[in-house]
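Participant: As input, take input33.cif (mmCIF, C-alpha atoms and all ligand atoms):
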```cif
data_upload
loop_
_atom_site.label_atom_id
_atom_site.label_comp_id
_atom_site.auth_asym_id
_atom_site.auth_seq_id
_atom_site.Cartn_x
_atom_site.Cartn_y
_atom_site.Cartn_z
CA MET E 1 -107.24 -70.30 -31.01
CA PRO E 2 -109.97 -72.86 -31.67
CA SER E 3 -109.35 -76.08 -29.73
CA THR E 4 -110.29 -78.26 -32.68
CA MET E 5 -109.81 -77.97 -36.43
CA ARG E 6 -110.76 -79.62 -39.68
CA ALA E 7 -108.11 -81.94 -41.11
CA MET E 8 -107.84 -84.58 -43.83
CA GLN E 9 -106.19 -87.70 -42.41
CA LEU E 10 -104.74 -90.87 -43.93
CA ASP E 11 -105.87 -93.85 -41.85
CA ALA E 12 -104.25 -96.58 -43.93
CA ALA E 13 -102.39 -96.95 -47.22
CA LYS E 14 -104.45 -96.91 -50.41
CA ARG E 15 -107.50 -95.43 -48.65
CA LEU E 16 -109.21 -92.15 -49.31
CA LEU E 17 -108.40 -89.39 -46.83
CA THR E 18 -110.98 -88.80 -44.11
CA LEU E 19 -112.17 -85.33 -43.13
CA ARG E 20 -112.53 -85.02 -39.38
CA MET E 21 -112.32 -82.63 -36.47
CA ILE E 22 -109.12 -83.14 -34.49
CA ASP E 23 -107.33 -81.22 -31.76
CA THR E 24 -105.55 -78.11 -32.98
CA PRO E 25 -101.84 -78.93 -32.58
CA VAL E 26 -99.72 -77.13 -30.01
CA PRO E 27 -96.26 -75.95 -31.08
CA GLY E 28 -93.43 -77.76 -29.30
CA ASP E 29 -89.91 -76.51 -28.73
CA HIS E 30 -88.62 -74.39 -31.61
CA GLN E 31 -91.95 -74.68 -33.43
CA LEU E 32 -94.53 -72.38 -34.96
CA LEU E 33 -98.27 -72.87 -35.20
CA VAL E 34 -99.30 -71.93 -38.72
CA LYS E 35 -102.83 -70.96 -39.68
CA VAL E 36 -103.04 -72.59 -43.10
CA ALA E 37 -104.36 -70.54 -46.01
CA ALA E 38 -103.46 -72.88 -48.86
CA CYS E 39 -101.66 -76.18 -49.37
CA GLY E 40 -100.45 -77.56 -52.66
CA VAL E 41 -101.14 -81.12 -53.73
CA CYS E 42 -97.95 -82.91 -54.78
CA ARG E 43 -97.32 -86.27 -56.41
CA THR E 44 -95.36 -87.22 -53.30
CA ASP E 45 -98.67 -87.08 -51.41
CA LEU E 46 -99.89 -89.86 -53.71
CA HIS E 47 -96.76 -91.89 -52.96
CA VAL E 48 -97.46 -91.51 -49.21
CA ILE E 49 -101.13 -92.40 -49.64
CA ASP E 50 -100.35 -95.40 -51.86
CA GLY E 51 -97.83 -96.80 -49.37
CA GLU E 52 -94.89 -96.38 -51.75
CA LEU E 53 -93.21 -94.31 -49.03
CA PRO E 54 -93.29 -96.64 -46.01
CA ASN E 55 -94.19 -95.98 -42.39
CA PRO E 56 -95.91 -92.60 -42.42
CA LYS E 57 -96.96 -91.11 -39.08
CA PRO E 58 -100.20 -92.90 -38.07
CA HIS E 59 -103.24 -90.94 -39.28
CA VAL E 60 -100.91 -88.45 -40.92
CA VAL E 61 -102.25 -85.20 -42.32
CA PRO E 62 -100.62 -84.95 -45.78
CA GLY E 63 -99.46 -81.78 -47.48
CA HIS E 64 -96.03 -80.16 -47.71
CA GLU E 65 -96.62 -77.03 -49.75
CA VAL E 66 -98.11 -75.06 -46.89
CA VAL E 67 -98.78 -71.32 -47.04
CA GLY E 68 -100.19 -69.55 -44.02
CA THR E 69 -99.56 -67.10 -41.24
CA VAL E 70 -97.89 -67.55 -37.89
CA ALA E 71 -100.62 -67.99 -35.27
CA ALA E 72 -98.44 -68.89 -32.27
CA ARG E 73 -94.81 -69.49 -31.41
CA ALA E 74 -93.07 -71.66 -28.86
CA PRO E 75 -91.24 -69.65 -26.20
CA GLY E 76 -87.84 -68.58 -27.50
CA VAL E 77 -88.73 -68.66 -31.19
CA SER E 78 -87.71 -65.28 -32.57
CA ALA E 79 -87.35 -65.90 -36.30
CA PHE E 80 -90.99 -65.03 -37.03
CA SER E 81 -93.63 -62.74 -35.55
CA ILE E 82 -97.31 -63.48 -35.07
CA GLY E 83 -99.11 -62.78 -38.34
CA ASP E 84 -96.04 -63.23 -40.55
CA ARG E 85 -96.66 -64.99 -43.83
CA VAL E 86 -94.81 -68.29 -43.80
CA GLY E 87 -94.20 -71.30 -46.04
CA VAL E 88 -93.67 -74.85 -44.80
CA PRO E 89 -91.88 -77.22 -47.20
CA TRP E 90 -91.24 -80.97 -47.42
CA LEU E 91 -88.00 -80.83 -45.39
CA GLY E 92 -89.36 -80.67 -41.87
CA TRP E 93 -86.28 -81.23 -39.72
CA THR E 94 -82.70 -82.48 -39.94
CA CYS E 95 -80.25 -83.53 -37.25
CA GLY E 96 -77.69 -80.80 -37.96
CA GLU E 97 -74.88 -83.06 -36.79
CA CYS E 98 -74.29 -85.82 -39.33
CA GLU E 99 -71.78 -85.71 -42.17
CA TYR E 100 -74.50 -84.74 -44.66
CA CYS E 101 -75.86 -81.94 -42.50
CA ARG E 102 -72.38 -80.56 -41.79
CA THR E 103 -71.44 -80.45 -45.48
CA GLY E 104 -74.40 -78.58 -46.94
CA ARG E 105 -76.29 -81.74 -47.89
CA GLU E 106 -79.00 -81.78 -45.25
CA ASN E 107 -81.40 -83.09 -47.92
CA LEU E 108 -79.63 -86.44 -47.48
CA CYS E 109 -79.74 -86.54 -43.65
CA ASP E 110 -80.66 -90.07 -42.52
CA LYS E 111 -82.61 -88.71 -39.58
CA ALA E 112 -84.53 -86.08 -41.55
CA THR E 113 -88.27 -85.87 -41.02
CA PHE E 114 -90.64 -84.67 -43.68
CA THR E 115 -93.81 -82.62 -43.61
CA GLY E 116 -96.99 -84.48 -44.47
CA TYR E 117 -95.21 -87.82 -43.99
CA HIS E 118 -93.48 -88.06 -40.60
CA LEU E 119 -94.98 -84.78 -39.43
CA ASP E 120 -98.56 -83.64 -39.95
CA GLY E 121 -98.83 -81.32 -42.92
CA GLY E 122 -101.07 -78.71 -44.43
CA TYR E 123 -104.27 -80.52 -45.40
CA ALA E 124 -105.77 -78.91 -42.29
CA GLU E 125 -106.71 -75.56 -40.80
CA PHE E 126 -103.55 -75.43 -38.69
CA ALA E 127 -100.13 -77.09 -38.80
CA VAL E 128 -97.04 -76.93 -36.62
CA ALA E 129 -93.65 -76.48 -38.20
CA ASN E 130 -90.07 -76.25 -36.99
CA ALA E 131 -89.30 -72.56 -37.24
CA ALA E 132 -85.79 -73.13 -38.58
CA PHE E 133 -87.19 -75.01 -41.59
CA ALA E 134 -90.00 -72.58 -42.47
CA PHE E 135 -89.55 -69.82 -45.02
CA PRO E 136 -90.58 -66.19 -44.91
CA LEU E 137 -92.55 -65.67 -48.12
CA PRO E 138 -92.16 -62.90 -50.70
CA GLU E 139 -95.05 -60.48 -51.10
CA GLY E 140 -96.84 -59.90 -54.35
CA LEU E 141 -98.13 -63.39 -54.98
CA GLY E 142 -101.37 -64.83 -53.58
CA ASP E 143 -101.43 -67.75 -51.16
CA THR E 144 -102.80 -70.19 -53.72
CA GLU E 145 -100.25 -69.22 -56.36
CA THR E 146 -97.41 -69.42 -53.83
CA ALA E 147 -98.16 -72.94 -52.54
CA PRO E 148 -96.73 -74.89 -55.52
CA LEU E 149 -93.46 -73.00 -55.22
CA LEU E 150 -92.77 -74.77 -51.92
CA CYS E 151 -92.11 -78.19 -53.42
CA ALA E 152 -92.72 -78.28 -57.16
CA GLY E 153 -90.76 -75.04 -57.45
CA MET E 154 -87.98 -75.72 -54.96
CA ILE E 155 -87.25 -79.30 -55.98
CA GLY E 156 -87.69 -78.36 -59.62
CA TYR E 157 -85.08 -75.67 -59.06
CA ARG E 158 -82.69 -78.17 -57.51
CA ALA E 159 -83.22 -80.50 -60.48
CA LEU E 160 -82.60 -77.68 -62.94
CA VAL E 161 -79.33 -76.76 -61.22
CA ALA E 162 -78.32 -80.43 -61.47
CA THR E 163 -78.52 -80.25 -65.29
CA GLY E 164 -75.63 -77.77 -65.36
CA PRO E 165 -75.55 -75.29 -68.23
CA ALA E 166 -77.64 -77.46 -70.60
CA GLU E 167 -79.13 -75.25 -73.31
CA ARG E 168 -81.54 -77.78 -74.81
CA LEU E 169 -83.51 -79.14 -71.86
CA GLY E 170 -86.00 -82.00 -71.98
CA ILE E 171 -88.78 -82.08 -69.37
CA TYR E 172 -90.62 -85.38 -68.98
CA GLY E 173 -93.97 -84.82 -67.27
CA PHE E 174 -95.29 -81.31 -67.64
CA GLY E 175 -97.17 -80.93 -64.38
CA ALA E 176 -96.71 -78.76 -61.31
CA ALA E 177 -92.92 -78.94 -61.25
CA GLY E 178 -92.40 -79.12 -65.00
CA HIS E 179 -94.35 -75.98 -65.76
CA ILE E 180 -92.44 -73.99 -63.12
CA VAL E 181 -89.04 -75.29 -64.25
CA ALA E 182 -89.92 -74.37 -67.83
CA GLN E 183 -90.32 -70.75 -66.75
CA LEU E 184 -86.96 -70.76 -64.93
CA ALA E 185 -85.25 -72.43 -67.86
CA ARG E 186 -86.62 -69.96 -70.40
CA HIS E 187 -85.56 -67.07 -68.20
CA GLN E 188 -82.03 -68.50 -68.23
CA GLY E 189 -82.04 -68.64 -72.03
CA ARG E 190 -82.48 -72.39 -72.29
CA ARG E 191 -84.77 -74.06 -74.80
CA VAL E 192 -87.38 -76.39 -73.36
CA PHE E 193 -88.57 -79.60 -75.02
CA ALA E 194 -91.65 -80.95 -73.26
CA PHE E 195 -92.56 -84.64 -73.18
CA THR E 196 -96.08 -85.57 -72.12
CA ARG E 197 -98.23 -88.67 -71.84
CA PRO E 198 -98.84 -90.00 -75.36
CA GLY E 199 -101.91 -88.35 -76.81
CA ASP E 200 -102.25 -85.65 -74.15
CA ALA E 201 -102.84 -82.74 -76.53
CA PRO E 202 -103.89 -80.22 -73.82
CA ALA E 203 -100.64 -80.84 -71.91
CA LYS E 204 -98.64 -80.21 -75.08
CA GLN E 205 -100.50 -76.98 -75.72
CA PHE E 206 -99.92 -75.96 -72.09
CA ALA E 207 -96.18 -76.50 -72.55
CA LEU E 208 -96.11 -74.52 -75.80
CA ASP E 209 -98.07 -71.70 -74.16
CA LEU E 210 -95.35 -71.54 -71.50
CA GLY E 211 -92.66 -71.15 -74.12
CA ALA E 212 -91.52 -74.70 -74.84
CA VAL E 213 -90.00 -74.81 -78.34
CA TRP E 214 -91.38 -78.32 -78.89
CA ALA E 215 -93.87 -80.62 -77.21
CA GLY E 216 -94.36 -84.28 -78.03
CA ASP E 217 -95.21 -87.72 -76.72
CA ALA E 218 -92.75 -89.16 -74.20
CA ASP E 219 -92.06 -92.11 -76.49
CA THR E 220 -91.06 -89.97 -79.48
CA ASP E 221 -87.77 -88.33 -80.38
CA PRO E 222 -87.39 -84.54 -80.21
CA PRO E 223 -86.38 -82.71 -83.41
CA GLU E 224 -82.80 -82.34 -82.19
CA PRO E 225 -80.61 -83.95 -79.51
CA LEU E 226 -80.88 -82.55 -75.99
CA ASP E 227 -78.14 -81.45 -73.60
CA ALA E 228 -79.98 -82.69 -70.49
CA ALA E 229 -83.36 -83.93 -69.35
CA ILE E 230 -85.35 -83.88 -66.13
CA ILE E 231 -87.84 -86.68 -65.47
CA PHE E 232 -90.71 -85.61 -63.21
CA ALA E 233 -93.04 -88.45 -64.21
CA PRO E 234 -92.66 -91.48 -61.87
CA VAL E 235 -92.02 -93.82 -64.78
CA GLY E 236 -88.77 -95.81 -64.93
CA LEU E 237 -89.22 -96.53 -68.65
CA LEU E 238 -88.45 -92.88 -69.28
CA VAL E 239 -84.83 -93.25 -68.11
CA PRO E 240 -83.63 -95.17 -71.20
CA ALA E 241 -85.92 -92.99 -73.34
CA ALA E 242 -84.24 -89.85 -72.03
CA LEU E 243 -80.72 -91.29 -72.26
CA LYS E 244 -81.41 -92.05 -75.90
CA VAL E 245 -82.08 -88.39 -76.74
CA VAL E 246 -79.33 -86.64 -74.71
CA VAL E 247 -75.92 -85.93 -76.20
CA LYS E 248 -72.63 -87.35 -74.93
CA GLY E 249 -71.83 -85.89 -71.54
CA GLY E 250 -75.51 -85.07 -70.97
CA THR E 251 -77.31 -85.58 -67.67
CA VAL E 252 -80.66 -87.20 -67.00
CA VAL E 253 -82.07 -86.08 -63.65
CA CYS E 254 -84.76 -88.18 -61.96
CA ALA E 255 -86.56 -85.63 -59.80
CA GLY E 256 -89.32 -87.68 -58.18
CA ILE E 257 -89.12 -89.39 -54.79
CA HIS E 258 -90.47 -92.65 -56.21
CA MET E 259 -90.26 -94.22 -59.66
CA SER E 260 -91.32 -97.54 -61.15
CA ASP E 261 -88.40 -99.88 -61.90
CA ILE E 262 -85.93 -98.77 -64.51
CA PRO E 263 -85.71 -101.50 -67.17
CA PRO E 264 -82.37 -103.06 -68.18
CA LEU E 265 -80.63 -100.78 -70.62
CA PRO E 266 -77.88 -101.32 -73.17
CA TYR E 267 -74.60 -99.88 -71.96
CA GLN E 268 -74.42 -97.96 -75.23
CA LEU E 269 -77.12 -95.60 -73.86
CA LEU E 270 -74.94 -94.66 -70.88
CA TRP E 271 -71.65 -94.69 -72.78
CA GLY E 272 -70.24 -91.34 -73.80
CA GLU E 273 -70.17 -90.06 -70.22
CA ARG E 274 -73.89 -89.67 -70.00
CA VAL E 275 -74.99 -89.34 -66.37
CA VAL E 276 -78.14 -90.58 -64.66
CA ARG E 277 -78.75 -89.06 -61.24
CA SER E 278 -81.56 -88.40 -58.82
CA VAL E 279 -82.45 -85.30 -56.87
CA ALA E 280 -83.56 -86.00 -53.32
CA ASN E 281 -85.63 -83.61 -51.21
CA LEU E 282 -84.32 -80.05 -50.83
CA THR E 283 -81.99 -78.08 -48.66
CA ARG E 284 -83.02 -74.85 -46.98
CA ARG E 285 -80.53 -73.14 -49.24
CA ASP E 286 -82.36 -74.41 -52.35
CA GLY E 287 -85.54 -72.91 -50.95
CA GLU E 288 -83.96 -69.57 -50.16
CA GLU E 289 -82.34 -69.31 -53.58
CA PHE E 290 -85.52 -70.24 -55.39
CA LEU E 291 -87.77 -67.91 -53.37
CA ALA E 292 -85.36 -65.05 -54.11
CA LEU E 293 -85.27 -65.90 -57.83
CA ALA E 294 -88.95 -66.64 -58.47
CA PRO E 295 -90.33 -63.07 -58.10
CA THR E 296 -87.65 -61.62 -60.38
CA ILE E 297 -88.77 -63.71 -63.37
CA PRO E 298 -91.60 -63.73 -62.23
CA VAL E 299 -92.62 -67.38 -61.92
CA ARG E 300 -96.37 -67.79 -62.28
CA ALA E 301 -97.77 -71.13 -61.15
CA ALA E 302 -100.92 -72.26 -62.91
CA VAL E 303 -103.21 -73.49 -60.15
CA GLN E 304 -106.53 -75.27 -59.83
CA PRO E 305 -108.01 -74.53 -56.39
CA PHE E 306 -110.07 -77.07 -54.46
CA PRO E 307 -111.73 -76.72 -51.03
CA LEU E 308 -109.95 -78.68 -48.28
CA ALA E 309 -112.81 -81.18 -48.12
CA ASP E 310 -112.26 -82.04 -51.80
CA ALA E 311 -108.66 -83.21 -51.29
CA ASN E 312 -109.50 -86.71 -52.51
CA GLU E 313 -110.86 -85.31 -55.77
CA ALA E 314 -107.76 -83.15 -56.26
CA LEU E 315 -105.57 -86.22 -55.68
CA ARG E 316 -107.65 -88.27 -58.11
CA ARG E 317 -107.24 -85.68 -60.83
CA LEU E 318 -103.49 -85.55 -60.21
CA ARG E 319 -103.29 -89.34 -60.47
CA GLU E 320 -105.30 -89.36 -63.70
CA GLY E 321 -103.28 -86.55 -65.28
CA GLU E 322 -106.34 -84.30 -65.50
CA LEU E 323 -104.74 -81.17 -64.03
CA ARG E 324 -103.12 -78.24 -65.81
CA GLY E 325 -100.45 -77.01 -63.47
CA ALA E 326 -100.90 -77.61 -59.76
CA ALA E 327 -103.86 -78.47 -57.57
CA VAL E 328 -104.01 -76.35 -54.42
CA LEU E 329 -106.31 -76.83 -51.43
CA THR E 330 -107.73 -73.60 -50.07
CA VAL E 331 -108.40 -73.62 -46.35
ZN ZN H 401 -78.19 -84.94 -40.38
ZN ZN H 402 -93.74 -82.40 -53.12
#
```
Just dump the structure as structure tokens.
Facilitator:
Amino acid sequence: MPSTMRAMQLDAAKRLLTLRMIDTPVPGDHQLLVKVAACGVCRTDLHVIDGELPNPKPHVVPGHEVVGTVAARAPGVSAFSIGDRVGVPWLGWTCGECEYCRTGRENLCDKATFTGYHLDGGYAEFAVANAAFAFPLPEGLGDTETAPLLCAGMIGYRALVATGPAERLGIYGFGAAGHIVAQLARHQGRRVFAFTRPGDAPAKQFALDLGAVWAGDADTDPPEPLDAAIIFAPVGLLVPAALKVVVKGGTVVCAGIHMSDIPPLPYQLLWGERVVRSVANLTRRDGEEFLALAPTIPVRAAVQPFPLADANEALRRLREGELRGAAVLTV
């Protein structure tokens, strides 16, 4: 094992990441050392970098869509073997003892720690992960194509489940998560209505290519009412916009970890038993269910690879809406 490795670190909020050589981490109790092959770039990384998620680990290495192989194990870890392909998601650890953890809602654990935020993540050549929170990965899909499944896919899946049996599904923000959820939704016989940034013609075409029945600007009305909507864009203005186009009893799911303020809204928009809810993090069960489902469809993530050293450029393009699908760092 090399004693040092390349890593992209966040030194302070709102700064560019810095590429440097740091000590290769050593797995602690119950942990794996993962040799990183690819790491997806998620909007949550921007929220960490911009300081919208407070108190990250000092000099944190971002990245929570980590695909690699097991390079070392702490004594006693038996869940994986050296060389196994492994995925490390956002949920890095939970207490296992609180009311949330004991009732199948570990995603809400107050003591939870998250990869690439409280724990160093995958923008590096190696990362440590708690073995109980890492996933064995299905074969048949390359490392780069697998990376976005570990957050965009898993949390998108949780958001889709939260819409219930909605047949006409709106998706606001057709990026990494949106384009994966569209594939799941189509497979389940739902019809997808894609809402993009006003004027973003390539994003609309991308949605139509993936089987959306309609694609339009986020501030326009779809051709028919919707049964539910998922908002992936971090824009609070979209909550009243989505409520306006869902039918009575419909659900609007806010799937991002951070959103600008939701403006005051007339009660009439919520009336009729419409529901606004968020989806927070993921449980290990979400991940297991999604990783079992994805190859049967099969889900194909559209990816734009970048070398590790170009992480800042990948993040810039995500921020500017210049990506089709998901950016993935190759290591
Ligand atoms: Zn807990
Ligand atoms: Zn994420």
Participant: May I ask which of the residues E:Arg6, E:Glu97, E:Ala147, E:Tyr123 is the closest one to Leu315 in chain E, counting only C-alpha atoms?
Facilitator: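 Answer, going by the shortest atom-to-atom distance: E:Tyr123.
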Participant: Record the distance separating CA of Pro298 in chain E and CA of Thr196 in chain E, expressed in Å with one decimal.
Facilitator: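 According to the coordinates, CA of Pro298 in chain E and CA of Thr196 in chain E are separated by 24.4 Å.
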Participant: How many Å separate CA of Arg300 in chain E from CA of Ile180 in chain E?
Facilitator: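 Straight-line distance from CA of Arg300 in chain E to CA of Ile180 in chain E works out to 7.4 Å.
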Participant: Residues at most 12 Å from Leu108 in chain E, counting all atoms listed in the file, excluding those fewer than 5 positions away in the same chain, as a VMD selection string?
Facilitator: chain E and resid 91 93 to 96 98 to 103 113 to 114 278 to 283
Participant: Neighbouring residues of Ala166 in chain E were defined as those with any atom within 9 Å, considering all atoms listed in the file; residues of the same chain fewer than 3 positions away were excluded. Please report them as a list in words.
Facilitator: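 Listed by chain and then number, they are Thr163, Leu169, Arg190, Arg191, Leu226, Asp227, Ala228, Ala229, Gly250 and Thr251 of chain E.
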Participant: Keeping only C-alpha atoms, write those residues as a CSV table (one decimal), in the coordinates of the input.
Facilitator:
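The result, written out as again.csv:
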```csv
chain,number,residue,atom,x,y,z
E,163,THR,CA,-78.5,-80.2,-65.3
E,169,LEU,CA,-83.5,-79.1,-71.9
E,190,ARG,CA,-82.5,-72.4,-72.3
E,191,ARG,CA,-84.8,-74.1,-74.8
E,226,LEU,CA,-80.9,-82.6,-76.0
E,227,ASP,CA,-78.1,-81.4,-73.6
E,228,ALA,CA,-80.0,-82.7,-70.5
E,229,ALA,CA,-83.4,-83.9,-69.4
E,250,GLY,CA,-75.5,-85.1,-71.0
E,251,THR,CA,-77.3,-85.6,-67.7
```
Participant: Please produce range 242-252 of chain E, completed to all heavy atoms, as a CSV table (one decimal), in the frame of the given file.
Facilitator:
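Okay, out.csv is ready:
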```csv
chain,number,residue,atom,x,y,z
E,242,ALA,N,-84.9,-91.1,-72.1
E,242,ALA,CA,-84.2,-89.8,-72.0
E,242,ALA,C,-82.8,-90.0,-72.4
E,242,ALA,O,-82.2,-89.1,-73.0
E,242,ALA,CB,-84.4,-89.3,-70.6
E,243,LEU,N,-82.1,-91.1,-71.9
E,243,LEU,CA,-80.7,-91.3,-72.3
E,243,LEU,C,-80.5,-91.3,-73.8
E,243,LEU,O,-79.5,-90.9,-74.3
E,243,LEU,CB,-80.2,-92.6,-71.6
E,243,LEU,CG,-79.8,-92.5,-70.2
E,243,LEU,CD1,-79.6,-93.9,-69.6
E,243,LEU,CD2,-78.6,-91.7,-70.0
E,244,LYS,N,-81.5,-91.9,-74.5
E,244,LYS,CA,-81.4,-92.0,-75.9
E,244,LYS,C,-81.4,-90.7,-76.6
E,244,LYS,O,-80.8,-90.6,-77.7
E,244,LYS,CB,-82.6,-92.9,-76.4
E,244,LYS,CG,-82.5,-93.4,-77.8
E,244,LYS,CD,-83.6,-94.4,-78.0
E,244,LYS,CE,-84.4,-94.2,-79.3
E,244,LYS,NZ,-85.7,-93.8,-79.3
E,245,VAL,N,-82.0,-89.7,-76.0
E,245,VAL,CA,-82.1,-88.4,-76.7
E,245,VAL,C,-81.1,-87.3,-76.2
E,245,VAL,O,-81.1,-86.2,-76.7
E,245,VAL,CB,-83.5,-87.8,-76.8
E,245,VAL,CG1,-84.4,-88.9,-77.5
E,245,VAL,CG2,-84.0,-87.5,-75.4
E,246,VAL,N,-80.3,-87.6,-75.2
E,246,VAL,CA,-79.3,-86.6,-74.7
E,246,VAL,C,-78.0,-86.9,-75.4
E,246,VAL,O,-77.6,-88.1,-75.6
E,246,VAL,CB,-79.2,-86.5,-73.2
E,246,VAL,CG1,-80.5,-86.2,-72.5
E,246,VAL,CG2,-78.6,-87.8,-72.6
E,247,VAL,N,-77.2,-85.8,-75.6
E,247,VAL,CA,-75.9,-85.9,-76.2
E,247,VAL,C,-74.9,-86.5,-75.2
E,247,VAL,O,-75.1,-86.7,-74.0
E,247,VAL,CB,-75.4,-84.5,-76.6
E,247,VAL,CG1,-76.3,-84.0,-77.7
E,247,VAL,CG2,-75.3,-83.6,-75.5
E,248,LYS,N,-73.7,-86.9,-75.8
E,248,LYS,CA,-72.6,-87.4,-74.9
E,248,LYS,C,-72.3,-86.3,-73.8
E,248,LYS,O,-72.4,-85.1,-74.1
E,248,LYS,CB,-71.4,-87.6,-75.8
E,248,LYS,CG,-71.5,-88.8,-76.7
E,248,LYS,CD,-70.2,-89.1,-77.4
E,248,LYS,CE,-70.0,-88.2,-78.6
E,248,LYS,NZ,-68.8,-88.6,-79.4
E,249,GLY,N,-72.1,-86.8,-72.7
E,249,GLY,CA,-71.8,-85.9,-71.5
E,249,GLY,C,-73.1,-85.3,-70.9
E,249,GLY,O,-73.0,-84.6,-69.9
E,250,GLY,N,-74.3,-85.6,-71.5
E,250,GLY,CA,-75.5,-85.1,-71.0
E,250,GLY,C,-76.0,-85.8,-69.7
E,250,GLY,O,-75.6,-86.9,-69.4
E,251,THR,N,-76.8,-85.1,-68.9
E,251,THR,CA,-77.3,-85.6,-67.7
E,251,THR,C,-78.8,-85.8,-67.7
E,251,THR,O,-79.5,-85.0,-68.3
E,251,THR,CB,-77.0,-84.6,-66.5
E,251,THR,OG1,-75.6,-84.4,-66.4
E,251,THR,CG2,-77.5,-85.1,-65.2
E,252,VAL,N,-79.2,-86.9,-67.2
E,252,VAL,CA,-80.7,-87.2,-67.0
E,252,VAL,C,-80.9,-87.2,-65.5
E,252,VAL,O,-80.4,-88.0,-64.8
E,252,VAL,CB,-81.1,-88.6,-67.6
E,252,VAL,CG1,-82.5,-88.9,-67.3
E,252,VAL,CG2,-80.8,-88.6,-69.1
```
